[in-house]
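Q: The structure under discussion is supplied below as structure tokens; questions concerning it will follow.
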Amino acid sequence: MLRRWRPRWYSCFVWCSFISPTEEGTAVTEARSAREAAARALFAVREEGAWSAPALRRYAAGLSARDAALATALTGGVLQNRAMCDFYLAHFSSIRLKKVQPRILDLLRLAVYQMVWLDRIPNAAAVNESVALARSLCHADKRTAGYVNGVLRALARSIDHLPQPDCATKAEYYSLRYSHPQWLTELYLEQFGLKQTRLLLEADNAPAPTVLRVNTLRAQMQQVQDELAAQGIRVTPHACIPNCLTVSGTGNIEKLSAFAQGRVTVQDGASQMSVYALDPQSGNRVLDCCAAPGGKSFFIAERMKNTGTVVSCDVYGHKLEKIQAGAERLGLTNIQTELQDASEFRPEWEGKFDRVLCDVPCSGMGIIRKKPEIRYKDEKELRGLPGIQRAILDNACRYVRPGGILVYSTCTLLRRENEEIVDWFAQTHPMFQKTLFSIPVCEQNVEGSVTLLPHIHDTDGFFVAKFRKMAYYEDDPARGNETGGNTGTENRRACIGECL
Ligand SMILES: C[S@@+](CC[C@H](N)C(=O)[O-])C[C@H]1O[C@@H](n2cnc3c(N)ncnc32)[C@H](O)[C@@H]1O
């Protein structure tokens, strides 16, 4: 029997309020109850591929804070336990789940989650509400409503002796128990082994901390901490990352004066680590080639004390507006946005940047804690990512000046998008050497690359690799060919072999 979890209202609310300030939704019908908001959000995730957090923000807009928190808990709970919900439903349903209307199945899951995982909601309320929602949101006829009622009442009668999973393999069991797709569980087992995989999957279904990074150009950490505490927000300095506060009970962060007036940015610790690895210096010229919505560009610009230039690119024009709005809010004038495909060469940028950050598009499997629906993305659609990542890295490395720094990062944990990419890069670009670096969340120095894990570092799952481009001898004839891209062994022999 699974442990019956108490709803964690408080963490759920934090999760709800984590919504990126730049994510916008279109006008939609506001729900009249927490369960309706949750149901509509689940429909939007499955039918439109929407992110649950902004969908919820839209549907729960007219609800009280308490009901909005319940809607968040229900939506997150179903997404985190969908496979287990289906396992129970399959046991009590007379119809194969594949044959059940998808929206009806969402409503059944919503009820099962309340009945099995939450202990403050009476089973009868969960059943009746789902039947009512089947009528109001799915126009269920008498037969369908009877089916929903029948399945859920049968489950309610067996609530204290529910069936147990009986799986042939660990991958199958973990996949079911933690509701992660089997392909992902298998890859994790291969990469991390049994114990670490279990801890990782568990962490993926746990609430994530909300980290605010203080904009030290505008305020000191203590000042912001006092300001937030005075507003009744639970706030503590981050255990190891400088100028960061871990907060809860914030409500909508965008509405806080500290946020609106640019004293803080919401940024997970992991995301900050690629900037620590990049180590931008005052006066540098930095290229952030996949920059939107801009979190890392902002931190780079702040670390450069608003000097030098950060060229922040994205392939989508509308996303550049988000970077511009964020820079304005934070008072950063050294950010310049450019619409640019990072895999297409800009000759005038060749060798012109002190630092280049490739925070590439990725499968996002490291941020399942914050976006639980990511796990349900179609694996086939993710297979093209390594090709895109290689093309971006292969091109962007050409912009690094000799002696300059190149950082590659992703918010995923899949080896094919991380280690395999940087190993390929190191082999095919001998001008670039993996470099030792230190970051606040790791006690030891990092040798070339690091994978951050939610259950170990209490950050998003993240990967960072750092390279330095070697320089040539002044009198070397090969110097004219210092593109860094596809440099051959001949050129490598001509390198100083040491970083400037
Ligand atoms: C992981 S996100 C970057 C997050 C960003 N660095 C931050 O910290 O806010 C990847 C970004 O790359 C952009 N992107 C995807 N393909 C790209 C390409 N070929 N060239 C440039 N940007 C691209 C996406 O639009 C997305 O905004």
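In the structure tokens, each chain is lettered A, B, ... as it comes, each chain's residues begin at 1, and ligands are numbered from 1 in order of appearance.
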Can you tell me which residues come within 6 Å of ligand 1 when counting only C-alpha atoms and all ligand atoms, ideally as an MDAnalysis selection string?

A: chainID A and resid 289:296 314:316 340:343 359:361

Q: If we count only C-alpha atoms, what is near Ile335 in chain A at a cut-off of 10 Å, once residues fewer than 4 positions away on the same chain are taken out, given as a list of chain:residue names?

A: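 Close residues of Ile335 in chain A: A:Val286, A:Leu287, A:Asp288, A:Gly294, A:Ser297, A:Phe298, A:Ile300, A:Ala301, A:Asn306, A:Thr307, A:Gly308, A:Thr309, A:Val310, A:Val311, A:Ser312, A:Ile323, A:Gln324, A:Ala327, A:Glu328.
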
Q: As a ChimeraX atom specification, please: all residues of range 102-230 of chain A that backbone DSSP puts in alpha helix (DSSP H).

A: /A:102-117,123-138,142-157,170-177,182-204,221-230

Q: Contacts of Gln231 in chain A at 12 Å or less, counting only C-alpha atoms, minus same-chain residues fewer than 6 places along, as a PyMOL selection string?

A: chain A and resi 224-225+247-251+255-258

Q: May I have the residues from that selection written out with C-alpha atoms, as a JSON list (two decimals), in the first residue's frame?

A:
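Ended up saving to part_32.json:
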```json
[["chain", "number", "residue", "atom", "x", "y", "z"],
["A", 224, "VAL", "CA", 16.26, 41.86, 0.31],
["A", 225, "GLN", "CA", 16.05, 39.17, 2.94],
["A", 247, "VAL", "CA", 11.88, 31.34, -0.37],
["A", 248, "SER", "CA", 8.42, 29.92, 0.18],
["A", 249, "GLY", "CA", 4.97, 31.39, 0.67],
["A", 250, "THR", "CA", 5.64, 34.16, -1.83],
["A", 251, "GLY", "CA", 2.38, 34.00, -3.76],
["A", 255, "LYS", "CA", 3.83, 40.89, -7.77],
["A", 256, "LEU", "CA", 6.59, 41.31, -5.17],
["A", 257, "SER", "CA", 8.14, 44.78, -5.19],
["A", 258, "ALA", "CA", 11.60, 43.16, -4.92]]
```

Q: Using only C-alpha atoms for the distances, tell me which of A:Val450, A:Leu320, A:Ala39, A:Leu70 is nearest to Leu105 in chain A.

A: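 Ranking A:Val450, A:Leu320, A:Ala39, A:Leu70 by distance to Leu105 in chain A, first place goes to A:Ala39.
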
Q: As a PyMOL selection string, please: every residue in range 231-477 of chain A that a backbone DSSP assignment puts in strand (DSSP E or B).

A: chain A and resi 234-237+244-248+264-266+285-288+309-314+335-339+353-359+400-410+432-434+436-437+446-447+449-452+462-469+472

Q: Interatomic distance between CA of Ile405 in chain A and CA of Arg355 in chain A?

A: 4.8 Å

Q: Hey, which of A:Ala65, A:Ile456, A:Met470, A:Ala391 ends up closest to Gly403 in chain A? Count only C-alpha atoms.

A: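 Using only C-alpha atoms, Gly403 in chain A sits closest to A:Met470.
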
Q: So which one's closest to Gln80 in chain A, A:Glu202, A:Glu419, A:Glu381, A:Asp268? Using only C-alpha atoms, please.

A: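 Counting only C-alpha atoms, the residue closest to Gln80 in chain A is A:Glu202.
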